[in-house]
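File shown: coords.cif (mmCIF, C-alpha atoms and all ligand atoms).
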data_my_file
#
loop_
_atom_site.label_atom_id
_atom_site.label_comp_id
_atom_site.auth_asym_id
_atom_site.auth_seq_id
_atom_site.Cartn_x
_atom_site.Cartn_y
_atom_site.Cartn_z
CA MET A 1 66.02 -2.63 4.04
CA LEU A 2 63.50 -2.97 1.30
CA ASP A 3 60.84 -3.48 3.90
CA SER A 4 61.64 -0.28 5.71
CA ILE A 5 61.23 1.91 2.65
CA LYS A 6 58.14 0.10 1.48
CA PRO A 7 55.46 2.78 1.30
CA GLU A 8 52.50 1.97 3.52
CA LYS A 9 50.14 2.40 0.60
CA VAL A 10 51.29 -0.91 -0.83
CA ASN A 11 50.09 -2.85 2.20
CA TRP A 12 46.81 -3.98 0.71
CA ARG A 13 45.34 -5.43 3.88
CA HIS A 14 44.66 -2.06 5.45
CA TYR A 15 42.57 -0.87 2.64
CA PHE A 16 39.51 -3.04 2.39
CA GLY A 17 37.48 -0.82 4.69
CA GLY A 18 38.31 2.10 2.43
CA LEU A 19 37.56 0.03 -0.61
CA SER A 20 34.12 -0.81 0.78
CA PHE A 21 33.51 2.88 1.38
CA ILE A 22 34.48 3.73 -2.20
CA MET A 23 32.27 0.94 -3.54
CA ILE A 24 29.32 2.39 -1.59
CA ILE A 25 29.99 5.84 -3.09
CA MET A 26 30.16 4.32 -6.58
CA GLN A 27 26.93 2.46 -5.95
CA LEU A 28 25.32 5.76 -5.01
CA LEU A 29 26.58 7.44 -8.18
CA THR A 30 25.55 4.65 -10.57
CA GLY A 31 22.20 4.49 -8.75
CA LEU A 32 21.67 8.22 -9.27
CA PHE A 33 22.18 7.68 -13.00
CA LEU A 34 19.64 4.85 -13.11
CA ILE A 35 17.01 6.91 -11.27
CA PHE A 36 16.68 9.16 -14.32
CA PHE A 37 15.70 6.35 -16.68
CA TYR A 38 14.00 3.71 -14.56
CA GLU A 39 10.21 3.80 -14.29
CA PRO A 40 8.91 2.19 -11.07
CA THR A 41 5.68 0.75 -12.44
CA ILE A 42 4.65 -2.86 -13.05
CA ALA A 43 4.01 -2.16 -16.72
CA ASP A 44 7.14 -0.18 -17.53
CA ALA A 45 9.88 -1.34 -15.12
CA TYR A 46 11.36 -3.99 -17.38
CA LYS A 47 10.84 -1.91 -20.52
CA THR A 48 12.86 0.94 -19.03
CA VAL A 49 15.54 -1.51 -17.88
CA GLN A 50 15.74 -2.75 -21.46
CA ILE A 51 16.04 0.84 -22.69
CA ILE A 52 18.76 1.58 -20.14
CA SER A 53 20.66 -1.54 -21.19
CA ASN A 54 20.35 -1.22 -24.92
CA GLU A 55 19.69 2.36 -25.94
CA ILE A 56 21.07 4.85 -23.47
CA THR A 57 24.74 5.74 -23.85
CA ALA A 58 26.77 3.80 -21.27
CA GLY A 59 23.47 2.61 -19.78
CA GLY A 60 24.28 -1.09 -20.05
CA LEU A 61 27.66 -0.54 -18.47
CA ILE A 62 26.26 1.54 -15.61
CA ARG A 63 23.40 -0.85 -14.93
CA ASN A 64 25.80 -3.76 -14.76
CA LEU A 65 28.28 -1.80 -12.65
CA HIS A 66 25.36 -1.29 -10.27
CA ARG A 67 24.94 -5.09 -10.25
CA TRP A 68 28.62 -5.92 -9.87
CA ILE A 69 29.64 -3.36 -7.27
CA PRO A 70 27.70 -5.25 -4.52
CA ALA A 71 29.65 -8.40 -5.40
CA LEU A 72 32.97 -6.64 -4.88
CA LEU A 73 31.60 -4.78 -1.89
CA PHE A 74 30.81 -8.16 -0.39
CA ILE A 75 34.38 -9.39 -0.90
CA ALA A 76 35.87 -6.16 0.42
CA VAL A 77 33.63 -6.24 3.49
CA LEU A 78 34.54 -9.88 4.06
CA VAL A 79 38.29 -9.21 4.04
CA HIS A 80 37.80 -6.08 6.14
CA THR A 81 35.74 -8.01 8.70
CA ILE A 82 38.28 -10.84 8.94
CA ARG A 83 41.03 -8.26 9.41
CA CYS A 84 39.11 -6.60 12.24
CA PHE A 85 38.48 -9.97 13.87
CA LEU A 86 42.15 -10.92 13.74
CA ARG A 87 43.03 -7.52 15.15
CA LYS A 88 40.55 -8.29 17.97
CA ASP A 89 38.89 -4.92 17.48
CA PHE A 90 35.90 -6.20 19.45
CA SER A 91 37.95 -6.18 22.64
CA ASN A 92 39.10 -2.65 22.00
CA GLN A 93 36.79 -0.39 23.98
CA GLN A 94 37.77 2.63 21.90
CA LYS A 95 36.39 0.90 18.84
CA LYS A 96 33.01 -0.01 20.30
CA VAL A 97 30.96 2.19 17.99
CA LEU A 98 33.15 1.34 15.02
CA TRP A 99 32.53 -2.36 15.54
CA LEU A 100 28.82 -2.04 16.27
CA THR A 101 28.05 0.13 13.26
CA GLY A 102 30.32 -1.95 11.02
CA VAL A 103 28.45 -5.16 11.75
CA LEU A 104 25.00 -3.53 11.70
CA LEU A 105 25.78 -2.10 8.26
CA LEU A 106 25.46 -5.59 6.84
CA LEU A 107 21.71 -5.44 7.44
CA PRO A 108 20.71 -2.41 5.30
CA ILE A 109 23.19 -3.48 2.63
CA PHE A 110 21.57 -6.87 2.50
CA LEU A 111 18.14 -5.27 2.28
CA LEU A 112 19.40 -3.03 -0.53
CA ILE A 113 20.49 -6.10 -2.47
CA ALA A 114 17.14 -7.82 -1.86
CA THR A 115 15.03 -4.84 -2.93
CA GLY A 116 17.37 -4.10 -5.84
CA LEU A 117 16.87 -7.59 -7.22
CA ILE A 118 13.12 -7.13 -7.43
CA MET A 119 13.29 -3.77 -9.16
CA PRO A 120 13.71 -4.78 -12.85
CA TRP A 121 10.49 -6.83 -12.60
CA GLU A 122 11.61 -9.47 -15.04
CA TRP A 123 11.22 -13.08 -13.97
CA LYS A 124 14.16 -13.06 -11.64
CA GLY A 125 12.73 -10.02 -9.88
CA TYR A 126 9.23 -11.46 -9.81
CA TRP A 127 10.57 -14.72 -8.36
CA PHE A 128 12.41 -12.82 -5.60
CA MET A 129 9.37 -10.78 -4.74
CA GLU A 130 7.29 -13.92 -4.35
CA MET A 131 9.95 -15.49 -2.13
CA VAL A 132 9.99 -12.58 0.33
CA PRO A 133 6.49 -13.30 1.76
CA ASN A 134 7.22 -17.04 1.66
CA TYR A 135 10.41 -16.45 3.62
CA PHE A 136 8.69 -14.49 6.40
CA GLY A 137 5.79 -16.91 6.27
CA THR A 138 7.93 -19.60 7.91
CA ILE A 139 8.16 -17.73 11.22
CA PRO A 140 6.09 -19.52 13.87
CA ILE A 141 2.83 -17.89 15.10
CA ILE A 142 3.10 -14.53 13.26
CA GLY A 143 4.29 -16.06 9.96
CA ASP A 144 0.92 -16.10 8.22
CA SER A 145 0.13 -12.50 9.07
CA LEU A 146 3.60 -11.42 7.97
CA LYS A 147 3.21 -13.32 4.74
CA SER A 148 -0.05 -11.62 3.87
CA PHE A 149 1.35 -8.28 4.99
CA PHE A 150 4.26 -8.53 2.57
CA MET A 151 2.03 -9.84 -0.21
CA GLU A 152 -0.63 -7.20 0.15
CA THR A 153 1.61 -4.20 0.68
CA TYR A 154 3.99 -4.99 -2.16
CA THR A 155 4.01 -2.45 -4.96
CA ILE A 156 7.01 -1.50 -7.08
CA PRO A 157 6.91 2.20 -6.04
CA ARG A 158 6.95 1.24 -2.35
CA TYR A 159 9.96 -1.03 -2.70
CA TYR A 160 11.55 1.61 -4.90
CA VAL A 161 11.27 4.13 -2.08
CA LEU A 162 12.80 1.60 0.28
CA HIS A 163 15.62 1.00 -2.17
CA ILE A 164 16.49 4.56 -3.13
CA LEU A 165 15.59 6.36 0.10
CA VAL A 166 14.95 4.41 3.29
CA PHE A 167 17.75 1.83 3.19
CA PRO A 168 20.34 4.26 1.73
CA ILE A 169 19.60 6.73 4.53
CA ILE A 170 20.02 4.01 7.16
CA THR A 171 23.24 2.94 5.45
CA PHE A 172 24.62 6.46 5.39
CA VAL A 173 23.76 7.17 9.01
CA LEU A 174 25.66 4.01 9.97
CA VAL A 175 28.55 4.81 7.61
CA ASP A 176 28.66 8.27 9.16
CA TYR A 177 29.01 6.89 12.69
CA HIS A 178 31.33 4.18 11.44
CA ILE A 179 33.91 6.18 9.61
CA LEU A 180 32.84 9.64 8.42
CA VAL A 181 32.99 11.20 11.88
CA LYS A 182 36.66 10.30 11.97
CA LEU A 183 37.33 11.09 8.36
CA ARG A 184 35.99 14.59 8.66
CA LYS A 185 38.76 15.26 11.17
CA ARG A 186 41.43 13.51 9.14
CA GLY A 187 40.36 14.79 5.75
CA ILE A 188 38.11 12.80 3.47
CA PHE A 189 39.90 13.88 0.31
CA HIS A 190 43.27 12.69 1.57
CA TYR A 191 41.72 9.39 2.62
CA LEU A 192 40.06 8.82 -0.74
CA LEU A 193 43.22 9.73 -2.62
CA LYS A 194 45.23 7.22 -0.60
CA HIS A 195 42.67 4.49 -1.12
CA ALA A 196 42.34 5.24 -4.79
CA ILE A 197 45.54 3.27 -5.33
CA VAL A 198 44.11 0.01 -4.08
CA VAL A 199 40.86 0.68 -5.89
CA LEU A 200 42.46 0.77 -9.33
CA PRO A 201 42.80 -3.00 -9.87
CA PHE A 202 39.26 -3.39 -8.53
CA LEU A 203 37.97 -0.78 -10.94
CA ILE A 204 39.57 -2.63 -13.82
CA LEU A 205 38.01 -5.89 -12.59
CA LEU A 206 34.64 -4.13 -12.21
CA LEU A 207 34.81 -2.77 -15.75
CA TYR A 208 35.76 -6.19 -17.04
CA LEU A 209 32.89 -7.96 -15.21
CA SER A 210 30.34 -5.28 -16.08
CA THR A 211 31.12 -5.44 -19.77
CA THR A 212 31.60 -9.20 -20.20
CA MET A 213 29.03 -10.62 -17.77
CA GLN A 214 25.88 -8.64 -18.29
CA ILE A 215 22.37 -9.80 -17.53
CA PRO A 216 20.83 -10.07 -21.00
CA SER A 217 17.80 -7.84 -21.39
CA ASN A 218 17.55 -7.58 -25.14
CA ASP A 219 14.95 -10.30 -25.32
CA PRO A 220 13.14 -11.35 -27.45
CA ILE A 221 15.79 -10.43 -30.04
CA ASP A 222 18.57 -12.35 -28.33
CA VAL A 223 17.31 -15.29 -26.34
CA PRO A 224 19.81 -17.12 -24.10
CA LEU A 225 19.85 -20.86 -23.55
CA PRO A 226 17.98 -22.15 -20.46
CA LEU A 227 21.09 -22.78 -18.36
CA GLU A 228 23.13 -19.88 -19.67
CA GLY A 229 24.45 -18.07 -16.64
CA ALA A 230 25.13 -21.18 -14.57
CA ASN A 231 28.60 -21.05 -12.98
CA ILE A 232 28.75 -17.30 -13.43
CA ILE A 233 29.15 -15.27 -10.26
CA ALA A 234 26.41 -12.76 -9.69
CA PRO A 235 25.33 -10.64 -6.74
CA GLU A 236 22.01 -12.50 -6.92
CA TRP A 237 23.74 -15.22 -4.95
CA TYR A 238 23.73 -13.70 -1.51
CA PHE A 239 20.02 -13.77 -1.15
CA LEU A 240 19.82 -17.36 -2.35
CA ILE A 241 22.04 -18.59 0.47
CA ILE A 242 19.33 -18.01 3.08
CA LEU A 243 16.72 -19.60 0.81
CA LEU A 244 18.70 -22.79 0.18
CA PRO A 245 17.15 -24.68 3.13
CA PHE A 246 13.81 -24.40 1.33
CA MET A 247 15.19 -26.72 -1.32
CA TYR A 248 16.91 -29.26 0.87
CA LEU A 249 14.67 -29.35 3.95
CA LYS A 250 11.28 -28.85 2.32
CA ASP A 251 8.78 -27.83 5.02
CA SER A 252 11.03 -28.56 7.98
CA PRO A 253 10.35 -26.53 11.15
CA TRP A 254 14.11 -25.89 11.21
CA ILE A 255 13.91 -23.57 8.22
CA PRO A 256 13.02 -20.37 10.11
CA PHE A 257 15.76 -21.12 12.60
CA ILE A 258 18.45 -21.70 9.98
CA SER A 259 17.34 -19.00 7.57
CA ILE A 260 16.07 -16.24 9.84
CA PHE A 261 16.80 -16.55 13.54
CA ALA A 262 20.33 -17.96 13.46
CA PRO A 263 21.69 -15.34 11.03
CA LEU A 264 20.04 -12.54 13.03
CA ILE A 265 21.29 -13.91 16.36
CA VAL A 266 24.83 -14.20 14.96
CA LEU A 267 24.60 -10.69 13.52
CA PHE A 268 23.44 -9.02 16.72
CA ALA A 269 25.67 -11.13 18.97
CA THR A 270 28.64 -10.08 16.83
CA ALA A 271 27.55 -6.46 16.67
CA PHE A 272 27.38 -6.12 20.45
CA MET A 273 30.56 -8.08 21.18
CA PRO A 274 32.51 -5.08 22.53
CA TYR A 275 29.67 -4.43 24.99
CA TYR A 276 29.69 -7.81 26.68
CA LEU A 277 33.27 -8.94 25.95
CA LYS A 278 34.97 -6.14 27.78
CA GLY A 279 38.63 -6.72 26.92
CA LYS A 280 41.57 -4.79 28.29
CA GLU A 281 41.68 -1.11 27.51
CA ASN A 282 44.11 -1.10 24.67
CA ASN A 283 46.31 1.62 26.01
CA GLU A 284 49.80 0.41 25.27
CA GLU A 285 48.66 -0.94 21.91
CA GLU A 286 47.57 2.12 20.06
CA SER A 287 44.76 1.82 17.59
CA TYR A 288 45.64 0.80 14.10
CA GLU A 289 44.90 4.19 12.65
CA ASP A 290 47.16 5.90 15.14
CA LYS A 291 50.02 3.53 14.40
CA HIS A 292 49.37 4.08 10.82
CA HIS A 293 49.60 7.78 11.36
CA HIS A 294 52.79 7.64 13.37
CA ARG A 295 54.47 5.45 10.85
CA ALA A 296 54.71 8.30 8.48
CA THR A 297 56.70 10.28 11.03
CA GLY A 298 59.92 8.40 10.55
CA ILE A 299 61.76 5.49 9.08
CA LYS A 300 62.90 4.58 12.61
CA LEU A 301 59.34 3.92 13.71
CA LEU A 302 58.66 2.04 10.52
CA TRP A 303 61.62 -0.20 11.15
CA HIS A 304 60.53 -0.78 14.73
CA LYS A 305 57.09 -1.80 13.56
CA THR A 306 58.46 -4.13 10.92
CA MET A 307 60.66 -5.91 13.42
CA ARG A 308 57.79 -6.42 15.83
CA ASN A 309 55.61 -7.98 13.19
CA THR A 310 57.64 -11.10 12.76
CA ALA A 311 57.37 -13.17 9.64
CA ALA A 312 55.86 -16.08 11.58
CA LYS A 313 53.01 -13.96 12.84
CA LYS A 314 52.36 -12.67 9.36
CA ILE A 315 52.31 -16.16 7.90
CA ALA A 316 49.97 -17.44 10.64
CA ASN A 317 47.56 -14.55 10.04
CA GLY A 318 47.82 -15.09 6.32
CA ILE A 319 46.86 -18.73 6.71
CA ILE A 320 43.87 -17.91 8.93
CA VAL A 321 42.63 -15.28 6.47
CA THR A 322 43.04 -17.67 3.57
CA ILE A 323 41.18 -20.49 5.33
CA ILE A 324 38.25 -18.30 6.37
CA THR A 325 38.00 -16.76 2.90
CA VAL A 326 38.18 -20.11 1.14
CA VAL A 327 35.52 -21.62 3.43
CA ILE A 328 33.09 -18.72 2.99
CA ALA A 329 33.70 -18.34 -0.74
CA GLY A 330 33.51 -22.13 -1.14
CA LEU A 331 30.15 -22.33 0.64
CA ILE A 332 28.71 -19.60 -1.54
CA TYR A 333 30.10 -21.24 -4.63
CA LEU A 334 28.92 -24.75 -3.78
CA GLY A 335 25.46 -23.57 -2.78
CA ASN A 336 24.88 -21.34 -5.74
CA TYR A 337 27.20 -22.01 -8.62
CA ASN A 338 24.48 -23.55 -10.74
CA SER A 339 22.09 -20.64 -10.39
CA PRO A 340 21.25 -19.99 -14.06
CA THR A 341 19.72 -16.53 -13.68
CA PHE A 342 20.85 -15.37 -17.12
CA GLY A 343 18.91 -18.16 -18.76
CA CYS A 344 15.51 -17.26 -17.32
CA ASN A 345 14.90 -15.23 -20.48
CA SER A 346 15.14 -18.38 -22.59
CA CYS A 347 11.58 -19.28 -21.63
CA HIS A 348 10.41 -16.10 -19.91
CA ASN A 349 10.90 -13.45 -22.58
CA VAL A 350 8.47 -10.79 -23.70
CA SER A 351 7.69 -12.57 -26.98
CA LYS A 352 5.79 -15.19 -24.94
CA GLY A 353 3.21 -12.65 -23.82
CA VAL A 354 1.57 -12.30 -20.41
CA ARG A 355 1.75 -15.23 -17.97
CA ILE A 356 4.95 -16.93 -19.23
CA GLY A 357 6.69 -13.95 -20.85
CA ILE A 358 5.56 -11.07 -18.65
CA PRO A 359 4.70 -11.58 -14.95
CA PRO A 360 0.87 -11.63 -14.86
CA ASP A 361 -1.16 -8.81 -13.27
CA PHE A 362 -2.75 -11.28 -10.89
CA PHE A 363 0.67 -12.17 -9.44
CA LYS A 364 -0.61 -11.67 -5.89
CA ASP A 365 -3.41 -14.15 -6.29
CA ARG A 366 -1.96 -17.39 -5.09
CA SER A 367 -5.20 -19.27 -5.76
CA LYS A 368 -4.53 -18.70 -9.46
CA LEU A 369 -0.78 -19.35 -9.11
CA PRO A 370 -0.52 -22.09 -6.45
CA LEU A 371 3.06 -23.02 -7.44
CA LEU A 372 4.25 -19.78 -5.89
CA ASN A 373 3.39 -21.20 -2.46
CA ASP A 374 5.50 -24.27 -3.11
CA ASN A 375 8.93 -23.24 -1.91
CA GLU A 376 10.60 -26.42 -3.00
CA TRP A 377 9.21 -26.02 -6.53
CA MET A 378 10.30 -22.37 -6.56
CA MET A 379 13.86 -23.27 -5.55
CA ARG A 380 14.14 -26.16 -7.96
CA HIS A 381 12.71 -24.09 -10.76
CA TRP A 382 15.41 -21.52 -10.08
CA TYR A 383 18.25 -24.02 -10.09
CA TYR A 384 17.00 -26.53 -12.62
CA PRO A 385 14.51 -24.59 -14.79
CA ASN A 386 14.98 -27.02 -17.66
CA GLU A 387 13.85 -29.94 -15.45
CA VAL A 388 11.35 -28.44 -13.03
CA TRP A 389 8.58 -26.31 -14.56
C1 LIG B 1 12.78 -24.14 -19.60
C2 LIG B 1 11.96 -22.99 -19.58
C3 LIG B 1 12.03 -22.12 -18.33
C4 LIG B 1 13.12 -21.51 -17.80
C5 LIG B 1 14.57 -21.56 -18.29
C6 LIG B 1 12.66 -20.78 -16.63
N1 LIG B 1 11.31 -20.96 -16.48
FE1 LIG B 1 10.16 -20.15 -15.04
N2 LIG B 1 8.54 -21.10 -15.74
C7 LIG B 1 8.52 -21.90 -16.89
C8 LIG B 1 7.17 -22.39 -17.07
C9 LIG B 1 6.72 -23.30 -18.20
C10 LIG B 1 6.40 -21.87 -16.02
C11 LIG B 1 4.90 -22.09 -15.74
C12 LIG B 1 4.77 -23.23 -14.79
C13 LIG B 1 3.34 -23.52 -14.52
O1 LIG B 1 2.58 -22.58 -14.23
O2 LIG B 1 2.99 -24.68 -14.59
C14 LIG B 1 7.28 -21.06 -15.21
C15 LIG B 1 6.88 -20.37 -14.09
C16 LIG B 1 7.68 -19.53 -13.37
C17 LIG B 1 7.24 -18.73 -12.26
C18 LIG B 1 5.84 -18.60 -11.73
C19 LIG B 1 5.27 -19.81 -11.15
C20 LIG B 1 3.79 -19.83 -11.45
O3 LIG B 1 3.06 -20.48 -10.73
O4 LIG B 1 3.40 -19.20 -12.43
C21 LIG B 1 8.31 -18.02 -11.82
C22 LIG B 1 8.34 -17.03 -10.66
C23 LIG B 1 9.43 -18.38 -12.64
N3 LIG B 1 9.02 -19.29 -13.58
C24 LIG B 1 10.71 -17.87 -12.49
C25 LIG B 1 11.79 -18.30 -13.26
C26 LIG B 1 13.15 -17.86 -13.02
C27 LIG B 1 13.58 -16.89 -11.92
C28 LIG B 1 13.93 -18.46 -13.93
C29 LIG B 1 15.45 -18.38 -14.09
C30 LIG B 1 16.21 -18.85 -12.97
C31 LIG B 1 13.06 -19.29 -14.76
N4 LIG B 1 11.78 -19.15 -14.30
C32 LIG B 1 13.49 -20.03 -15.82
C33 LIG B 1 9.59 -22.17 -17.71
C34 LIG B 1 10.90 -21.76 -17.50
#

Kindly transcribe the structure held in the file into structure tokens.
Amino acid sequence: MLDSIKPEKVNWRHYFGGLSFIMIIMQLLTGLFLIFFYEPTIADAYKTVQIISNEITAGGLIRNLHRWIPALLFIAVLVHTIRCFLRKDFSNQQKKVLWLTGVLLLLPIFLLIATGLIMPWEWKGYWFMEMVPNYFGTIPIIGDSLKSFFMETYTIPRYYVLHILVFPIITFVLVDYHILVKLRKRGIFHYLLKHAIVVLPFLILLLYLSTTMQIPSNDPIDVPLPLEGANIIAPEWYFLIILLPFMYLKDSPWIPFISIFAPLIVLFATAFMPYYLKGKENNEEESYEDKHHHRATGIKLLWHKTMRNTAAKKIANGIIVTIITVVIAGLIYLGNYNSPTFGCNSCHNVSKGVRIGIPPDFFKDRSKLPLLNDNEWMMRHWYYPNEVW
């Protein structure tokens, strides 16, 4: 009885796609705010970030929202993806484009995170920038040319354009094919209103994280301790996952396979699943959205649906979702929990001057900074900066 009158809005599992969409819109809005204060130059990038964080009204909050939204976006996308897998959307020929664009979206979002991390041009950003050429440098045959390409062409304004223009446009074209085409027919406002309910707890969590766990940028006035920030979740993590083999495998020829080829193969193989795994045309089983739609037409239908979804099936799905989530979250946590990014300022703060405090102008000259070529040193310095420096 209770089940039959339960409004569909309460069923949280349907809403993680919508939540991701709302997170992307919020990221766009907070990004628009930052554009007005951030200066994309080597000399002023970090200064303007400091001004945003400490002087502009709500600047610190908005900057840190812009850092935390990707973390929640990641979780929302993860749950949404697991849901779609369990629903076997890849065998549903009507959802071909939905599936393809959904999986491909991971790529520009990942690139947005990577370029966004470099932007503040403090030591974390500088470190990331130096790791990008090193990362591509591991590719056999063309690695060296790629490495020098990324080194030589890097300038803050270029990566800024990638971050605020090129990757967002790619993202929005994919989002458009993924969901907006449909939403325009169904009514975007109605959709957003419905999803606003599930977003509320996430907004509260976002506000909490963005106010309590901020990246300190008021150095040299407040200087953190070297390992401050260890065990604190930060969106910086995702990029580190693919760099971890550099620490554990040193110069192994397996690194490009584990860190570059395997993830890309998995991504594209997953993206094109509906094209080579032609399942049955899901005619009798209507698409989720349609069911969803019909449900509102009567309590009878609702009841029918509830009876079909037996408790056992729900529990089994629940267990699968929990296991996958725990495994993925556990891997991220184990691999990265001791990343002490907040504490970089303890040694690298502006009071120390150029070279240790401010990334040096000759940062592209590896003959002057040979440690930057040493991936193992770079990784260990990131994780254990108080031991390896
Ligand atoms: C305990 C102090 C300390 C902390 C904390 C620290 N570093 Fe360093 N870092 C150093 C010193 C000292 C050097 C210079 C090493 C050298 O050139 O011999 C350095 C160098 C670097 C370099 C450049 C390497 C080179 O050849 O100049 C990068 C990049 C870097 N650190 C990034 C970071 C990041 C990112 C963090 C935070 C995760 C961090 N550091 C935290 C002390 C520290």

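As for atom CA of A:Leu111 and atom CA of A:Pro168, they are spaced 9.8 Å apart.
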
What are the centre and edge lengths in Å, to one decimal, of the axis-aligned box around all listed atoms of ligand LIG 1 (chain B) with 8 Å added on each side, as lines of an AutoDock Vina configuration file?
center_x = 9.4
center_y = -20.8
center_z = -15.1
size_x = 29.6
size_y = 23.8
size_z = 24.9

Residues within 10 Å of ligand LIG 1 (chain B), counting only C-alpha atoms and all ligand atoms, as an mmCIF file with C-alpha atoms, in the frame of the given file:
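Output file result29.cif is given in full below:
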data_model
loop_
_atom_site.group_PDB
_atom_site.id
_atom_site.type_symbol
_atom_site.label_atom_id
_atom_site.label_comp_id
_atom_site.auth_asym_id
_atom_site.auth_seq_id
_atom_site.Cartn_x
_atom_site.Cartn_y
_atom_site.Cartn_z
ATOM 1 C CA GLU A 122 11.610 -9.470 -15.040
ATOM 2 C CA TRP A 123 11.220 -13.080 -13.970
ATOM 3 C CA LYS A 124 14.160 -13.060 -11.640
ATOM 4 C CA GLY A 125 12.730 -10.020 -9.880
ATOM 5 C CA TYR A 126 9.230 -11.460 -9.810
ATOM 6 C CA TRP A 127 10.570 -14.720 -8.360
ATOM 7 C CA PHE A 128 12.410 -12.820 -5.600
ATOM 8 C CA MET A 129 9.370 -10.780 -4.740
ATOM 9 C CA GLU A 130 7.290 -13.920 -4.350
ATOM 10 C CA MET A 131 9.950 -15.490 -2.130
ATOM 11 C CA PRO A 224 19.810 -17.120 -24.100
ATOM 12 C CA LEU A 225 19.850 -20.860 -23.550
ATOM 13 C CA PRO A 226 17.980 -22.150 -20.460
ATOM 14 C CA LEU A 227 21.090 -22.780 -18.360
ATOM 15 C CA GLU A 228 23.130 -19.880 -19.670
ATOM 16 C CA GLY A 229 24.450 -18.070 -16.640
ATOM 17 C CA ALA A 230 25.130 -21.180 -14.570
ATOM 18 C CA ASN A 338 24.480 -23.550 -10.740
ATOM 19 C CA SER A 339 22.090 -20.640 -10.390
ATOM 20 C CA PRO A 340 21.250 -19.990 -14.060
ATOM 21 C CA THR A 341 19.720 -16.530 -13.680
ATOM 22 C CA PHE A 342 20.850 -15.370 -17.120
ATOM 23 C CA GLY A 343 18.910 -18.160 -18.760
ATOM 24 C CA CYS A 344 15.510 -17.260 -17.320
ATOM 25 C CA ASN A 345 14.900 -15.230 -20.480
ATOM 26 C CA SER A 346 15.140 -18.380 -22.590
ATOM 27 C CA CYS A 347 11.580 -19.280 -21.630
ATOM 28 C CA HIS A 348 10.410 -16.100 -19.910
ATOM 29 C CA ASN A 349 10.900 -13.450 -22.580
ATOM 30 C CA ARG A 355 1.750 -15.230 -17.970
ATOM 31 C CA ILE A 356 4.950 -16.930 -19.230
ATOM 32 C CA GLY A 357 6.690 -13.950 -20.850
ATOM 33 C CA PRO A 359 4.700 -11.580 -14.950
ATOM 34 C CA PRO A 360 0.870 -11.630 -14.860
ATOM 35 C CA PHE A 363 0.670 -12.170 -9.440
ATOM 36 C CA ARG A 366 -1.960 -17.390 -5.090
ATOM 37 C CA SER A 367 -5.200 -19.270 -5.760
ATOM 38 C CA LYS A 368 -4.530 -18.700 -9.460
ATOM 39 C CA LEU A 369 -0.780 -19.350 -9.110
ATOM 40 C CA PRO A 370 -0.520 -22.090 -6.450
ATOM 41 C CA LEU A 371 3.060 -23.020 -7.440
ATOM 42 C CA LEU A 372 4.250 -19.780 -5.890
ATOM 43 C CA ASN A 373 3.390 -21.200 -2.460
ATOM 44 C CA ASP A 374 5.500 -24.270 -3.110
ATOM 45 C CA TRP A 377 9.210 -26.020 -6.530
ATOM 46 C CA MET A 378 10.300 -22.370 -6.560
ATOM 47 C CA MET A 379 13.860 -23.270 -5.550
ATOM 48 C CA ARG A 380 14.140 -26.160 -7.960
ATOM 49 C CA HIS A 381 12.710 -24.090 -10.760
ATOM 50 C CA TRP A 382 15.410 -21.520 -10.080
ATOM 51 C CA TYR A 383 18.250 -24.020 -10.090
ATOM 52 C CA TYR A 384 17.000 -26.530 -12.620
ATOM 53 C CA PRO A 385 14.510 -24.590 -14.790
ATOM 54 C CA ASN A 386 14.980 -27.020 -17.660
ATOM 55 C CA GLU A 387 13.850 -29.940 -15.450
ATOM 56 C CA VAL A 388 11.350 -28.440 -13.030
ATOM 57 C CA TRP A 389 8.580 -26.310 -14.560
#

Q.
Can you pull out the residues contacting A:Trp237? Cut-off 12 Å, using only C-alpha atoms, and skip same-chain residues under 5 positions away; I want them as a PyMOL selection string.
A. chain A and resi 67-68+70-71+74+110+113-114+117+124+128+230-232+242-244+329+331-341+382-383

Q) Separation of atom CA of A:Ala269 and atom CA of A:Pro253, in Å? A) 23.1 Å

**Q.** Residues within 12 Å of (32.5, 2.9, 16.0), counting only C-alpha atoms, listed as a ChimeraX atom specification
**A.** /A:89-90,92-105,173-182,271-272,274-275

Could you save the residues just selected, with C-alpha atoms, as a short mmCIF file (atom, residue, chain, number, x, y, z; two decimals), in the coordinates of the input?
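And here's selection-v8.cif as it stands now:
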data_model
loop_
_atom_site.label_atom_id
_atom_site.label_comp_id
_atom_site.auth_asym_id
_atom_site.auth_seq_id
_atom_site.Cartn_x
_atom_site.Cartn_y
_atom_site.Cartn_z
CA ASP A 89 38.89 -4.92 17.48
CA PHE A 90 35.90 -6.20 19.45
CA ASN A 92 39.10 -2.65 22.00
CA GLN A 93 36.79 -0.39 23.98
CA GLN A 94 37.77 2.63 21.90
CA LYS A 95 36.39 0.90 18.84
CA LYS A 96 33.01 -0.01 20.30
CA VAL A 97 30.96 2.19 17.99
CA LEU A 98 33.15 1.34 15.02
CA TRP A 99 32.53 -2.36 15.54
CA LEU A 100 28.82 -2.04 16.27
CA THR A 101 28.05 0.13 13.26
CA GLY A 102 30.32 -1.95 11.02
CA VAL A 103 28.45 -5.16 11.75
CA LEU A 104 25.00 -3.53 11.70
CA LEU A 105 25.78 -2.10 8.26
CA VAL A 173 23.76 7.17 9.01
CA LEU A 174 25.66 4.01 9.97
CA VAL A 175 28.55 4.81 7.61
CA ASP A 176 28.66 8.27 9.16
CA TYR A 177 29.01 6.89 12.69
CA HIS A 178 31.33 4.18 11.44
CA ILE A 179 33.91 6.18 9.61
CA LEU A 180 32.84 9.64 8.42
CA VAL A 181 32.99 11.20 11.88
CA LYS A 182 36.66 10.30 11.97
CA ALA A 271 27.55 -6.46 16.67
CA PHE A 272 27.38 -6.12 20.45
CA PRO A 274 32.51 -5.08 22.53
CA TYR A 275 29.67 -4.43 24.99
#
